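What follows is a set of notes on a single structure, which appears directly below.
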Amino acid sequence: MKIGFLGGSFDPVHFGHLLAAQDAFEQHRLDRLIIVPAAQAPMKPNDVKSSANDRLAMLRAATEWDTRFEVSDLELRRGGVSYTIDSARHFRKLYPNDELYWVIGGDQLPRIHLWKDIGELAGLVEFIFLERPGYPVKATQDVPGLRLNRCDGHLLAISSTELRDRTRKGLSLDYFVPHKAIVYIREKGLYLDER
């Protein structure tokens with residue numbers, strides 16, 4: 001079985017995230033794709049503005065109808081800084097005989113050599129990298145055993161930071177964020193007091 005994993009803060013989840021998941025799923029013929037929200041991303045220390053429970057609820061609301069995708073609360077339950085290597089070790093034990101793929105933005109490739117225990121990580125998973133608008137893929141640092149798979153897709157120039165700002169200004173999230181996640185944001189009053 002081919003299983004993909006897509007990590008991130010998802011604060012809030014938006015169509016750019018979901019299109020990336022779908023493109024990786026389809027182009028690499030994955031059997032499952034598991035979305036893994038980070039408790040705290042190591043290279044974006046101030047990126048998370050809403051609670052773990054809120055981000056998890058938004059993701060589940062946005063994807064509950066789509067049987068191709070699952071949401072894992074592994075990193076949220078663990079708390080602290082979410083290192084990919086810790087999750088990859090967990091999923092490798094859980095799925096010892098499957099092919100595991102970690103989906104990343106192409107903008108991460110020039111820094112992938114800085115990831116915690118990247119040598120071990122390269123042996124546990126293959127990477128599917130997506131080119132993001134405005135971030136052409138640059139050469140990667142030499143990491144022994146690193147297996148890279150390119151994914152061209154319908155990438156949207158949407159940022160969660162921009163969406164939080166739109167919410168604070170009273171602008172619509174329609175056409176950026178799945179409707180059920182928008183309803184959740186409104187009901188909880190998320191992002192209104194962010195500075």
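A note on labels: chains of the structure tokens are A, B, ... as shown, every chain counts residues from 1, and ligands are counted from 1 in their shown order.
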
*as a ChimeraX atom specification, please: all residues of range 43-109 of chain A that backbone DSSP puts in helix (DSSP H, G or I).*
/A:52-63,74-78,84-94,106-109

Contact check, range 61-128 of chain A to range 139-161 of chain A, at most 10 Å, counting only C-alpha atoms, closest pairs as a tab-separated table:
```
residue	atom	partner	partner_atom	distance
A:Tyr101	CA	A:Asn149	CA	9.0
A:Trp102	CA	A:Leu148	CA	9.7
A:Val103	CA	A:Cys151	CA	9.2
A:Ile104	CA	A:Cys151	CA	9.8
A:Gly105	CA	A:Cys151	CA	9.5
A:Gly106	CA	A:Arg150	CA	8.6
A:Gln108	CA	A:Thr140	CA	9.1
A:Leu109	CA	A:Thr140	CA	5.5
A:Pro110	CA	A:Thr140	CA	4.8
A:Arg111	CA	A:Thr140	CA	7.5
A:Ile112	CA	A:Thr140	CA	7.4
A:His113	CA	A:Gln141	CA	6.0
A:Leu114	CA	A:Gln141	CA	9.2
A:Ile118	CA	A:Val143	CA	7.6
A:Gly119	CA	A:Pro144	CA	6.6
A:Glu120	CA	A:Gly145	CA	9.0
A:Leu121	CA	A:Leu146	CA	8.5
A:Ala122	CA	A:Leu146	CA	4.9
A:Gly123	CA	A:Gly145	CA	6.4
A:Leu124	CA	A:Leu146	CA	9.8
A:Val125	CA	A:Arg147	CA	7.9
A:Glu126	CA	A:Arg147	CA	5.0
A:Phe127	CA	A:Leu148	CA	4.9
A:Ile128	CA	A:Asn149	CA	4.6
```

*To one decimal place, how far is CA of Val48 in chain A from CA of Glu131 in chain A in Å?*
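Rounded to one decimal, the two atoms are 23.2 Å apart.
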
*asked:* Applying 9 Å and only C-alpha atoms, which residues near range 175-185 of chain A remain after dropping the ones on its own chain fewer than 3 positions away? List them as JSON, numbers by chain.
replied: {"A": [12, 13, 14, 15, 16, 54, 57, 58, 59, 60, 61, 62, 63, 158, 163, 167, 172, 188, 189, 190, 191]}

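CA of Ala24 in chain A lies 12.5 Å from CA of Leu100 in chain A.
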
*Members of chain A assigned strand (DSSP E or B) by DSSP, as an MDAnalysis selection string*: chainID A and resid 2:8 32:37 69:71 99:105 126:130 132 135 148:151

*For Arg68 in chain A, which residue among A:Gly80, A:Gly170, A:Gly4, A:Pro37 is the nearest when counting only C-alpha atoms?*
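Ranking A:Gly80, A:Gly170, A:Gly4, A:Pro37 by distance to Arg68 in chain A, first place goes to A:Gly4.
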
*asked:* Please compute the CA of Arg29 in chain A-CA of Ser9 in chain A distance, one decimal, in Å.
replied: 24.9 Å

All residues 8 Å or closer to range 31-36 of chain A, only C-alpha atoms, same chain fewer than 5 positions away omitted, as a PDB file with N, CA and C atoms, in the first residue's frame:
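Contents of selection_18.pdb, as written:
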```pdb
ATOM      1  N   MET A   1       0.837  -1.184   0.000  1.00  0.00           N
ATOM      2  CA  MET A   1       0.000   0.000   0.000  1.00  0.00           C
ATOM      3  C   MET A   1       0.883   1.249   0.000  1.00  0.00           C
ATOM      4  N   LYS A   2       0.444   2.273  -0.716  1.00  0.00           N
ATOM      5  CA  LYS A   2       1.167   3.538  -0.779  1.00  0.00           C
ATOM      6  C   LYS A   2       0.413   4.562   0.073  1.00  0.00           C
ATOM      7  N   ILE A   3       1.082   5.054   1.108  1.00  0.00           N
ATOM      8  CA  ILE A   3       0.450   5.985   2.042  1.00  0.00           C
ATOM      9  C   ILE A   3       1.206   7.301   2.036  1.00  0.00           C
ATOM     10  N   GLY A   4       0.482   8.397   1.836  1.00  0.00           N
ATOM     11  CA  GLY A   4       1.074   9.720   1.862  1.00  0.00           C
ATOM     12  C   GLY A   4       0.718  10.447   3.147  1.00  0.00           C
ATOM     13  N   PHE A   5       1.569  11.377   3.534  1.00  0.00           N
ATOM     14  CA  PHE A   5       1.364  12.187   4.737  1.00  0.00           C
ATOM     15  C   PHE A   5       1.591  13.644   4.369  1.00  0.00           C
ATOM     16  N   LEU A   6       0.682  14.497   4.800  1.00  0.00           N
ATOM     17  CA  LEU A   6       0.814  15.927   4.560  1.00  0.00           C
ATOM     18  C   LEU A   6       0.753  16.636   5.902  1.00  0.00           C
ATOM     19  N   GLY A   7       1.856  17.269   6.283  1.00  0.00           N
ATOM     20  CA  GLY A   7       1.911  17.982   7.546  1.00  0.00           C
ATOM     21  C   GLY A   7       1.761  19.475   7.344  1.00  0.00           C
ATOM     22  N   GLY A   8       1.550  20.188   8.442  1.00  0.00           N
ATOM     23  CA  GLY A   8       1.443  21.634   8.395  1.00  0.00           C
ATOM     24  C   GLY A   8       0.684  22.154   9.591  1.00  0.00           C
ATOM     25  N   ALA A  21      -2.946  18.023  -1.433  1.00  0.00           N
ATOM     26  CA  ALA A  21      -3.219  16.642  -1.014  1.00  0.00           C
ATOM     27  C   ALA A  21      -3.793  15.835  -2.170  1.00  0.00           C
ATOM     28  N   PHE A  25      -2.044  12.719  -4.112  1.00  0.00           N
ATOM     29  CA  PHE A  25      -2.803  11.463  -4.084  1.00  0.00           C
ATOM     30  C   PHE A  25      -2.977  10.904  -5.495  1.00  0.00           C
ATOM     31  N   ARG A  68     -10.778   9.572   0.692  1.00  0.00           N
ATOM     32  CA  ARG A  68      -9.360   9.445   0.345  1.00  0.00           C
ATOM     33  C   ARG A  68      -8.459   9.961   1.450  1.00  0.00           C
ATOM     34  N   PHE A  69      -8.982  10.881   2.265  1.00  0.00           N
ATOM     35  CA  PHE A  69      -8.169  11.572   3.258  1.00  0.00           C
ATOM     36  C   PHE A  69      -8.573  11.200   4.679  1.00  0.00           C
ATOM     37  N   GLU A  70      -7.562  11.141   5.535  1.00  0.00           N
ATOM     38  CA  GLU A  70      -7.771  10.931   6.966  1.00  0.00           C
ATOM     39  C   GLU A  70      -7.026  12.051   7.688  1.00  0.00           C
ATOM     40  N   VAL A  71      -7.407  12.309   8.918  1.00  0.00           N
ATOM     41  CA  VAL A  71      -6.716  13.312   9.736  1.00  0.00           C
ATOM     42  C   VAL A  71      -6.172  12.603  10.969  1.00  0.00           C
ATOM     43  N   SER A  72      -4.888  12.783  11.224  1.00  0.00           N
ATOM     44  CA  SER A  72      -4.242  12.199  12.404  1.00  0.00           C
ATOM     45  C   SER A  72      -3.952  13.292  13.423  1.00  0.00           C
ATOM     46  N   ASP A  73      -4.305  13.034  14.680  1.00  0.00           N
ATOM     47  CA  ASP A  73      -4.007  13.998  15.737  1.00  0.00           C
ATOM     48  C   ASP A  73      -2.725  13.641  16.496  1.00  0.00           C
ATOM     49  N   LEU A  74      -1.898  12.789  15.903  1.00  0.00           N
ATOM     50  CA  LEU A  74      -0.667  12.309  16.544  1.00  0.00           C
ATOM     51  C   LEU A  74       0.191  13.450  17.094  1.00  0.00           C
ATOM     52  N   GLU A  75       0.532  14.423  16.250  1.00  0.00           N
ATOM     53  CA  GLU A  75       1.436  15.495  16.671  1.00  0.00           C
ATOM     54  C   GLU A  75       0.759  16.438  17.663  1.00  0.00           C
TER      55      GLU A  75
END
```

*asked:* So, with only C-alpha atoms as the atoms that count, which of A:Glu187, A:Asp165, A:Glu64, A:Asp98 lies closest to Leu30 in chain A?
replied: A:Asp98

*asked:* Which residue is closest to Lys49 in chain A? Choose from A:Tyr95, A:Phe10, A:Phe129, A:Trp115 and count only C-alpha atoms.
replied: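 Among the listed residues, the smallest separation from Lys49 in chain A belongs to A:Phe10.
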